[in-house]
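Raw start_15.pdb, PDB, C-alpha atoms, pLDDT in the B column:
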```
ATOM      1  CA  MET A   1      26.491  28.482 -52.641  1.00 50.00           C
ATOM      2  CA  PRO A   2      23.044  26.809 -52.546  1.00 52.00           C
ATOM      3  CA  PRO A   3      20.692  27.783 -49.659  1.00 50.00           C
ATOM      4  CA  PRO A   4      20.669  25.360 -46.716  1.00 48.00           C
ATOM      5  CA  SER A   5      18.008  22.667 -46.975  1.00 47.00           C
ATOM      6  CA  ARG A   6      15.517  21.909 -44.208  1.00 46.00           C
ATOM      7  CA  GLU A   7      16.867  18.420 -44.212  1.00 47.00           C
ATOM      8  CA  ASN A   8      19.987  19.899 -42.555  1.00 45.00           C
ATOM      9  CA  TYR A   9      17.765  20.751 -39.550  1.00 45.00           C
ATOM     10  CA  THR A  10      19.054  24.321 -39.615  1.00 45.00           C
ATOM     11  CA  ILE A  11      18.094  27.771 -40.804  1.00 46.00           C
ATOM     12  CA  VAL A  12      20.277  30.749 -41.645  1.00 45.00           C
ATOM     13  CA  LEU A  13      19.543  34.067 -39.945  1.00 45.00           C
ATOM     14  CA  LEU A  14      20.794  37.118 -41.828  1.00 45.00           C
ATOM     15  CA  VAL A  15      21.829  40.033 -39.671  1.00 41.00           C
ATOM     16  CA  PRO A  16      20.192  43.280 -40.920  1.00 48.00           C
ATOM     17  CA  GLY A  17      22.476  46.119 -42.075  1.00 46.00           C
ATOM     18  CA  ARG A  18      25.210  43.880 -43.378  1.00 42.00           C
ATOM     19  CA  ASN A  19      26.071  42.840 -46.885  1.00 43.00           C
ATOM     20  CA  LYS A  20      24.872  39.367 -47.718  1.00 44.00           C
ATOM     21  CA  THR A  21      28.336  38.341 -48.659  1.00 40.00           C
ATOM     22  CA  ASN A  22      29.489  39.241 -45.151  1.00 40.00           C
ATOM     23  CA  ALA A  23      26.328  37.997 -43.420  1.00 34.00           C
ATOM     24  CA  SER A  24      26.810  36.265 -40.120  1.00 36.00           C
ATOM     25  CA  ALA A  25      25.032  32.933 -40.421  1.00 39.00           C
ATOM     26  CA  THR A  26      23.732  31.429 -37.187  1.00 47.00           C
ATOM     27  CA  MET A  27      22.909  27.753 -37.368  1.00 56.00           C
ATOM     28  CA  ILE A  28      19.932  26.654 -35.216  1.00 78.00           C
ATOM     29  CA  LYS A  29      18.978  23.051 -34.674  1.00 90.00           C
ATOM     30  CA  LEU A  30      15.488  21.876 -35.642  1.00 91.00           C
ATOM     31  CA  LEU A  31      14.428  21.242 -32.026  1.00 92.00           C
ATOM     32  CA  ASP A  32      15.552  24.685 -30.889  1.00 93.00           C
ATOM     33  CA  ARG A  33      13.723  26.282 -33.786  1.00 93.00           C
ATOM     34  CA  LEU A  34      10.505  24.419 -32.980  1.00 93.00           C
ATOM     35  CA  LEU A  35      10.743  25.352 -29.314  1.00 93.00           C
ATOM     36  CA  PHE A  36      11.244  28.992 -30.266  1.00 94.00           C
ATOM     37  CA  MET A  37       8.216  28.979 -32.551  1.00 94.00           C
ATOM     38  CA  GLN A  38       6.058  27.199 -29.935  1.00 94.00           C
ATOM     39  CA  GLY A  39       7.131  29.481 -27.060  1.00 95.00           C
ATOM     40  CA  ASN A  40       8.952  26.609 -25.376  1.00 94.00           C
ATOM     41  CA  ARG A  41       5.603  24.874 -24.881  1.00 94.00           C
ATOM     42  CA  CYS A  42       4.455  21.398 -25.806  1.00 92.00           C
ATOM     43  CA  PHE A  43       2.557  21.305 -29.076  1.00 92.00           C
ATOM     44  CA  PHE A  44      -0.084  18.924 -27.658  1.00 89.00           C
ATOM     45  CA  CYS A  45      -0.820  20.076 -24.096  1.00 86.00           C
ATOM     46  CA  GLY A  46       0.520  23.646 -24.137  1.00 89.00           C
ATOM     47  CA  ASP A  47       2.535  23.244 -20.915  1.00 90.00           C
ATOM     48  CA  SER A  48       6.100  24.484 -20.609  1.00 93.00           C
ATOM     49  CA  ILE A  49       8.640  21.799 -21.379  1.00 92.00           C
ATOM     50  CA  PRO A  50      11.307  21.398 -18.671  1.00 91.00           C
ATOM     51  CA  ASP A  51      14.961  21.559 -19.671  1.00 88.00           C
ATOM     52  CA  GLY A  52      16.190  18.320 -21.111  1.00 89.00           C
ATOM     53  CA  GLU A  53      12.653  16.968 -21.678  1.00 91.00           C
ATOM     54  CA  ALA A  54      12.006  18.367 -25.158  1.00 93.00           C
ATOM     55  CA  SER A  55      12.047  16.143 -28.242  1.00 93.00           C
ATOM     56  CA  VAL A  56      10.996  16.261 -31.883  1.00 94.00           C
ATOM     57  CA  GLU A  57       7.746  14.473 -32.696  1.00 93.00           C
ATOM     58  CA  HIS A  58       7.080  13.508 -36.308  1.00 93.00           C
ATOM     59  CA  LEU A  59       3.366  13.841 -36.983  1.00 92.00           C
ATOM     60  CA  VAL A  60       3.783  11.307 -39.775  1.00 93.00           C
ATOM     61  CA  ALA A  61       6.290   8.842 -38.360  1.00 91.00           C
ATOM     62  CA  SER A  62       9.659   8.845 -40.073  1.00 88.00           C
ATOM     63  CA  SER A  63       9.352   5.059 -40.354  1.00 89.00           C
ATOM     64  CA  LYS A  64       6.321   5.696 -42.562  1.00 90.00           C
ATOM     65  CA  GLY A  65       8.043   8.233 -44.759  1.00 91.00           C
ATOM     66  CA  GLY A  66       7.391  11.368 -42.703  1.00 90.00           C
ATOM     67  CA  ALA A  67       9.720  14.259 -43.479  1.00 93.00           C
ATOM     68  CA  ARG A  68      11.943  15.854 -40.869  1.00 92.00           C
ATOM     69  CA  ASP A  69      10.914  19.453 -41.465  1.00 91.00           C
ATOM     70  CA  ASP A  70       8.730  22.186 -40.023  1.00 89.00           C
ATOM     71  CA  GLU A  71       5.633  20.897 -41.793  1.00 92.00           C
ATOM     72  CA  ASN A  72       5.789  17.469 -40.186  1.00 92.00           C
ATOM     73  CA  CYS A  73       7.633  18.060 -36.905  1.00 94.00           C
ATOM     74  CA  VAL A  74       6.592  19.596 -33.617  1.00 94.00           C
ATOM     75  CA  ALA A  75       8.261  19.925 -30.229  1.00 94.00           C
ATOM     76  CA  CYS A  76       6.848  17.993 -27.307  1.00 93.00           C
ATOM     77  CA  CYS A  77       8.110  16.267 -24.185  1.00 91.00           C
ATOM     78  CA  ARG A  78       9.888  12.944 -24.416  1.00 91.00           C
ATOM     79  CA  THR A  79       7.057  11.130 -22.636  1.00 89.00           C
ATOM     80  CA  ILE A  80       4.445  12.039 -25.250  1.00 89.00           C
ATOM     81  CA  ASN A  81       6.919  11.206 -28.005  1.00 89.00           C
ATOM     82  CA  ALA A  82       7.384   7.745 -26.514  1.00 90.00           C
ATOM     83  CA  VAL A  83       3.610   7.237 -26.124  1.00 89.00           C
ATOM     84  CA  PHE A  84       2.830   8.215 -29.708  1.00 90.00           C
ATOM     85  CA  GLY A  85       5.688   6.162 -31.145  1.00 88.00           C
ATOM     86  CA  SER A  86       4.957   5.291 -34.781  1.00 88.00           C
ATOM     87  CA  LEU A  87       1.175   5.625 -34.514  1.00 91.00           C
ATOM     88  CA  SER A  88      -0.685   7.125 -37.440  1.00 91.00           C
ATOM     89  CA  ILE A  89      -1.571  10.797 -37.281  1.00 88.00           C
ATOM     90  CA  LYS A  90      -5.222   9.780 -36.951  1.00 91.00           C
ATOM     91  CA  ALA A  91      -4.471   7.626 -33.897  1.00 91.00           C
ATOM     92  CA  LYS A  92      -2.450  10.435 -32.301  1.00 89.00           C
ATOM     93  CA  LEU A  93      -5.283  12.884 -32.871  1.00 89.00           C
ATOM     94  CA  GLN A  94      -7.743  10.424 -31.342  1.00 90.00           C
ATOM     95  CA  ILE A  95      -5.624  10.163 -28.194  1.00 90.00           C
ATOM     96  CA  VAL A  96      -5.681  13.930 -27.772  1.00 87.00           C
ATOM     97  CA  LEU A  97      -9.438  14.149 -28.419  1.00 90.00           C
ATOM     98  CA  ASN A  98     -10.180  11.373 -25.935  1.00 90.00           C
ATOM     99  CA  HIS A  99      -9.143  13.741 -23.137  1.00 87.00           C
ATOM    100  CA  ARG A 100     -11.868  16.226 -24.143  1.00 85.00           C
ATOM    101  CA  GLY A 101      -9.720  19.342 -23.927  1.00 79.00           C
ATOM    102  CA  GLN A 102      -7.929  18.196 -20.773  1.00 83.00           C
ATOM    103  CA  PHE A 103      -4.942  16.550 -22.448  1.00 83.00           C
ATOM    104  CA  LYS A 104      -1.884  16.584 -20.189  1.00 81.00           C
ATOM    105  CA  CYS A 105       1.532  15.082 -20.569  1.00 79.00           C
ATOM    106  CA  PRO A 106       1.648  11.688 -18.834  1.00 76.00           C
ATOM    107  CA  ARG A 107       4.831  12.866 -17.133  1.00 70.00           C
ATOM    108  CA  SER A 108       2.845  15.468 -15.174  1.00 60.00           C
ATOM    109  CA  GLN A 109       0.179  13.044 -13.925  1.00 58.00           C
ATOM    110  CA  PRO A 110       0.288  12.499 -10.125  1.00 53.00           C
ATOM    111  CA  GLN A 111       1.542   9.114  -9.047  1.00 50.00           C
ATOM    112  CA  LEU A 112      -0.896   7.098  -6.976  1.00 45.00           C
ATOM    113  CA  LYS A 113       0.589   6.023  -3.687  1.00 54.00           C
ATOM    114  CA  PRO A 114      -0.206   2.527  -2.424  1.00 53.00           C
ATOM    115  CA  ALA A 115      -2.785   2.428   0.310  1.00 53.00           C
ATOM    116  CA  ALA A 116      -1.245   2.353   3.760  1.00 59.00           C
ATOM    117  CA  LYS A 117      -1.639  -0.872   5.630  1.00 59.00           C
ATOM    118  CA  PRO A 118      -3.912  -0.642   8.672  1.00 57.00           C
ATOM    119  CA  VAL A 119      -2.017  -0.497  11.951  1.00 54.00           C
ATOM    120  CA  SER A 120      -3.049  -3.080  14.466  1.00 52.00           C
ATOM    121  CA  GLU A 121      -3.960  -1.843  17.877  1.00 50.00           C
ATOM    122  CA  ASN A 122      -1.437  -2.408  20.635  1.00 52.00           C
ATOM    123  CA  THR A 123      -3.474  -3.088  23.708  1.00 47.00           C
ATOM    124  CA  THR A 124      -0.492  -4.011  25.899  1.00 49.00           C
ATOM    125  CA  GLY A 125       0.299  -0.380  26.750  1.00 48.00           C
ATOM    126  CA  ASP A 126       4.035  -0.842  26.102  1.00 50.00           C
ATOM    127  CA  ALA A 127       6.218   0.310  23.242  1.00 50.00           C
ATOM    128  CA  GLY A 128       6.676  -3.170  21.830  1.00 52.00           C
ATOM    129  CA  PRO A 129       5.447  -4.200  18.401  1.00 56.00           C
ATOM    130  CA  ALA A 130       1.723  -4.464  18.111  1.00 53.00           C
ATOM    131  CA  THR A 131       0.334  -7.909  17.560  1.00 55.00           C
ATOM    132  CA  PRO A 132      -2.374  -8.333  14.944  1.00 56.00           C
ATOM    133  CA  ASN A 133      -5.861  -8.693  16.237  1.00 60.00           C
ATOM    134  CA  LYS A 134      -7.021 -12.269  15.929  1.00 61.00           C
ATOM    135  CA  PRO A 135     -10.437 -12.756  14.418  1.00 58.00           C
ATOM    136  CA  SER A 136     -13.068 -13.608  16.923  1.00 55.00           C
ATOM    137  CA  THR A 137     -13.887 -17.293  17.036  1.00 57.00           C
ATOM    138  CA  THR A 138     -17.070 -16.859  19.021  1.00 55.00           C
ATOM    139  CA  THR A 139     -20.317 -17.197  17.142  1.00 57.00           C
ATOM    140  CA  ASN A 140     -23.722 -16.137  18.178  1.00 59.00           C
ATOM    141  CA  LYS A 141     -25.609 -19.351  18.570  1.00 56.00           C
ATOM    142  CA  PRO A 142     -29.346 -19.095  18.178  1.00 51.00           C
ATOM    143  CA  ALA A 143     -31.241 -19.697  21.334  1.00 50.00           C
ATOM    144  CA  ALA A 144     -32.492 -23.222  21.478  1.00 48.00           C
ATOM    145  CA  ALA A 145     -36.216 -23.439  21.285  1.00 44.00           C
ATOM    146  CA  THR A 146     -37.566 -24.934  24.462  1.00 46.00           C
ATOM    147  CA  ASN A 147     -41.095 -26.125  25.006  1.00 50.00           C
ATOM    148  CA  LYS A 148     -41.618 -25.109  28.594  1.00 51.00           C
ATOM    149  CA  PRO A 149     -44.592 -26.744  30.244  1.00 54.00           C
ATOM    150  CA  ALA A 150     -47.430 -24.542  31.395  1.00 57.00           C
ATOM    151  CA  THR A 151     -46.917 -23.565  35.009  1.00 67.00           C
ATOM    152  CA  THR A 152     -50.147 -21.780  35.928  1.00 85.00           C
ATOM    153  CA  THR A 153     -53.531 -23.392  36.354  1.00 88.00           C
ATOM    154  CA  GLU A 154     -55.067 -21.226  33.616  1.00 87.00           C
ATOM    155  CA  ALA A 155     -52.276 -22.102  31.173  1.00 87.00           C
ATOM    156  CA  ARG A 156     -52.622 -25.792  31.951  1.00 88.00           C
ATOM    157  CA  ALA A 157     -56.374 -25.577  31.439  1.00 88.00           C
ATOM    158  CA  THR A 158     -55.848 -24.013  27.987  1.00 90.00           C
ATOM    159  CA  THR A 159     -53.440 -26.813  27.052  1.00 90.00           C
ATOM    160  CA  ALA A 160     -55.856 -29.454  28.339  1.00 88.00           C
ATOM    161  CA  ILE A 161     -58.770 -28.023  26.340  1.00 89.00           C
ATOM    162  CA  ALA A 162     -56.663 -27.999  23.151  1.00 88.00           C
ATOM    163  CA  ASN A 163     -55.771 -31.625  23.776  1.00 88.00           C
ATOM    164  CA  LEU A 164     -59.425 -32.589  24.235  1.00 86.00           C
ATOM    165  CA  GLN A 165     -60.299 -30.892  20.941  1.00 85.00           C
ATOM    166  CA  LYS A 166     -57.859 -33.170  19.122  1.00 86.00           C
ATOM    167  CA  ARG A 167     -59.491 -36.358  20.391  1.00 83.00           C
ATOM    168  CA  PRO A 168     -63.287 -35.992  20.087  1.00 81.00           C
ATOM    169  CA  ASN A 169     -63.911 -39.761  20.074  1.00 84.00           C
ATOM    170  CA  ASN A 170     -61.333 -40.673  22.671  1.00 86.00           C
ATOM    171  CA  ARG A 171     -61.966 -38.396  25.610  1.00 90.00           C
ATOM    172  CA  PRO A 172     -61.593 -39.879  29.086  1.00 91.00           C
ATOM    173  CA  ARG A 173     -64.920 -40.824  30.659  1.00 92.00           C
ATOM    174  CA  THR A 174     -63.737 -41.664  34.154  1.00 95.00           C
ATOM    175  CA  LEU A 175     -61.927 -39.542  36.726  1.00 92.00           C
ATOM    176  CA  ALA A 176     -58.989 -41.938  36.881  1.00 92.00           C
ATOM    177  CA  ALA A 177     -58.622 -41.932  33.079  1.00 92.00           C
ATOM    178  CA  LEU A 178     -58.833 -38.133  33.025  1.00 90.00           C
ATOM    179  CA  LYS A 179     -56.110 -37.792  35.677  1.00 92.00           C
ATOM    180  CA  ASN A 180     -53.873 -40.235  33.841  1.00 91.00           C
ATOM    181  CA  SER A 181     -54.405 -38.322  30.590  1.00 90.00           C
ATOM    182  CA  LEU A 182     -53.596 -34.988  32.225  1.00 90.00           C
ATOM    183  CA  ASN A 183     -50.511 -36.403  33.942  1.00 89.00           C
ATOM    184  CA  SER A 184     -49.225 -37.734  30.628  1.00 89.00           C
ATOM    185  CA  LEU A 185     -49.994 -34.438  28.942  1.00 88.00           C
ATOM    186  CA  PHE A 186     -47.884 -32.490  31.444  1.00 87.00           C
ATOM    187  CA  GLY A 187     -45.061 -34.975  31.756  1.00 86.00           C
ATOM    188  CA  LYS A 188     -46.268 -36.378  35.063  1.00 82.00           C
ATOM    189  CA  ALA A 189     -45.169 -33.182  36.735  1.00 82.00           C
ATOM    190  CA  LEU A 190     -48.499 -32.394  38.392  1.00 87.00           C
ATOM    191  CA  SER A 191     -48.758 -32.610  42.129  1.00 90.00           C
ATOM    192  CA  GLU A 192     -52.017 -33.616  43.787  1.00 90.00           C
ATOM    193  CA  GLN A 193     -52.733 -29.975  44.498  1.00 91.00           C
ATOM    194  CA  ASP A 194     -52.003 -29.022  40.858  1.00 90.00           C
ATOM    195  CA  MET A 195     -54.359 -31.769  39.654  1.00 90.00           C
ATOM    196  CA  THR A 196     -57.130 -30.615  41.980  1.00 92.00           C
ATOM    197  CA  SER A 197     -56.769 -26.970  40.862  1.00 91.00           C
ATOM    198  CA  LEU A 198     -56.759 -27.970  37.191  1.00 89.00           C
ATOM    199  CA  LEU A 199     -59.883 -30.137  37.470  1.00 91.00           C
ATOM    200  CA  LYS A 200     -61.670 -27.363  39.357  1.00 90.00           C
ATOM    201  CA  CYS A 201     -60.695 -24.842  36.640  1.00 89.00           C
ATOM    202  CA  LEU A 202     -62.009 -27.120  33.871  1.00 88.00           C
ATOM    203  CA  GLN A 203     -65.308 -27.595  35.715  1.00 89.00           C
ATOM    204  CA  THR A 204     -65.668 -23.870  36.400  1.00 89.00           C
ATOM    205  CA  ALA A 205     -65.167 -23.200  32.700  1.00 84.00           C
ATOM    206  CA  ARG A 206     -67.923 -25.833  32.073  1.00 85.00           C
ATOM    207  CA  VAL A 207     -65.585 -27.807  29.841  1.00 85.00           C
ATOM    208  CA  LEU A 208     -66.480 -31.004  31.677  1.00 88.00           C
ATOM    209  CA  GLU A 209     -68.489 -32.280  34.613  1.00 91.00           C
ATOM    210  CA  ILE A 210     -67.314 -34.760  37.226  1.00 93.00           C
ATOM    211  CA  THR A 211     -69.870 -36.865  39.087  1.00 92.00           C
ATOM    212  CA  ASP A 212     -68.281 -39.234  41.591  1.00 90.00           C
ATOM    213  CA  THR A 213     -65.883 -41.145  39.347  1.00 91.00           C
ATOM    214  CA  LYS A 214     -67.500 -40.350  36.005  1.00 93.00           C
ATOM    215  CA  VAL A 215     -66.610 -37.544  33.595  1.00 91.00           C
ATOM    216  CA  SER A 216     -69.048 -36.085  31.094  1.00 91.00           C
ATOM    217  CA  TYR A 217     -68.930 -33.281  28.601  1.00 85.00           C
ATOM    218  CA  PRO A 218     -72.001 -31.014  28.346  1.00 80.00           C
ATOM    219  CA  ALA A 219     -73.613 -30.925  24.891  1.00 64.00           C
ATOM    220  CA  ALA A 220     -72.837 -27.240  24.255  1.00 52.00           C
ATOM    221  CA  VAL A 221     -69.249 -27.678  25.388  1.00 54.00           C
ATOM    222  CA  ASN A 222     -68.931 -30.913  23.445  1.00 58.00           C
ATOM    223  CA  ALA A 223     -69.993 -29.085  20.293  1.00 54.00           C
ATOM    224  CA  SER A 224     -67.474 -26.303  20.916  1.00 54.00           C
ATOM    225  CA  LEU A 225     -64.712 -28.832  21.486  1.00 58.00           C
ATOM    226  CA  ASN A 226     -65.545 -30.534  18.197  1.00 56.00           C
ATOM    227  CA  THR A 227     -65.146 -27.311  16.171  1.00 55.00           C
TER     228      THR A 227
END
```
Please express the file's structure as structure tokens.
Amino acid sequence: MPPPSRENYTIVLLVPGRNKTNASATMIKLLDRLLFMQGNRCFFCGDSIPDGEASVEHLVASSKGGARDDENCVACCRTINAVFGSLSIKAKLQIVLNHRGQFKCPRSQPQLKPAAKPVSENTTGDAGPATPNKPSTTTNKPAAATNKPATTTEARATTAIANLQKRPNNRPRTLAALKNSLNSLFGKALSEQDMTSLLKCLQTARVLEITDTKVSYPAAVNASLNT
């Protein structure tokens, strides 16, 4: 009787102490033999293979002529077998090397849970369903720029001097013209008392001189106003 071939996926174990003619032959499937030789561990990751998860992986795919024997077959989990499929042995090796010594069976990878949806606050205080918070429709409007008129005599005097500097050849030469110019400059909001205080402040600062109904600008002041 010819010895069993590896293509039969079996081996024959001879029991010591018995005559070969009476030997008890125990037939072992290829997968069981591979698991025994590998210590019931996956050939690729080294982890124990759970019951029912083991499969035979052909290093050279059978579709490409790979033999079904110990030289070309290893035991691994079904998941890795499915991933490798009919890839070349070079491609399979590259997959293992890509994990830089941390290769694990895809079956053992933790599943990522979807992020929990944020719970809307329930501000009603009851046990009813919370209503989603509506986005705020209010916008921060920039403060409108307002040109407030000067309200103190000193501030008005500063504004008046700046105005006189802008019109060196058209300065009022009479008291009436000066009052009209100042009233226009401040939006006709000057009372008689405000006008009197402003004129007095301008004279004290020697910006101008008032003689009866005439207005003059001293030479030194006139030069400073022209700069």
For this session: Name the closest residue to Thr159 (chain A) among the candidates A:Val60, A:Lys188, A:Ile28, A:Leu182; distances are taken between atoms, counting all atoms listed in the file.
Result: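 Checking each candidate against Thr159 (chain A), we get A:Leu182 as the closest.
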Problem set entry | Residues near Asp51 (chain A), cut-off 12 Å, only C-alpha atoms, skip fewer than 4 positions along chain, as a ChimeraX atom specification | /A:32,35,40-41,55,76-78
Exercise. Which residues match the PyMOL selection byres ((chain A and resi 209) around 12) in the file above, as a ChimeraX atom specification?
Worked result: /A:172-175,178,199-208,210-219,221-222
For this session: Return the single residue from A:Ile80, A:Asp194, A:Ile161, A:Gln38 that is closest to Lys104 (chain A), with distances computed using only C-alpha atoms.
Result: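 Nearest to Lys104 (chain A): A:Ile80.
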For this session: For each of A:Ala67, A:Val74, A:Thr79, A:Ala160, take the minimum atom-to-atom distance to Gly52 (chain A), counting only C-alpha atoms, then give the residue where this is smallest.
Result: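 Nearest candidate to Gly52 (chain A) out of A:Ala67, A:Val74, A:Thr79, A:Ala160: A:Thr79.
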Exercise. Could you work out how far CA of Arg68 (chain A) lies from CA of Leu97 (chain A), giving the answer in Å with one decimal?
Worked result: 24.8 Å
Exercise. Can you tell me how far CA of Leu30 (chain A) sits from CA of Ala75 (chain A), in Å to one decimal?
Worked result: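 Distance between the two atoms: 9.2 Å.
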Exercise. Which residue out of A:Arg107, A:His58, A:Lys64, A:Arg33 has the minimum interatomic distance to Cys45 (chain A) when only C-alpha atoms are used?
Worked result: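 Selected residue with least distance to Cys45 (chain A): A:Arg107.
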For this session: Choose the residue, out of A:Gly101, A:Gly85, A:Gly66, A:Pro168, that has the smallest atom-to-atom separation from Gly46 (chain A); count all atoms listed in the file.
Result: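 Looking only at the distances to Gly46 (chain A), the closest residue turns out to be A:Gly101.
From CA of Arg167 (chain A) back to CA of Gln193 (chain A), the distance works out to 25.8 Å.
Comparing the minimum interatomic distances between Thr153 (chain A) and each of A:Ala61, A:Ile49, A:Met195, A:Val56, counting all atoms listed in the file, we find that A:Met195 sits nearest.
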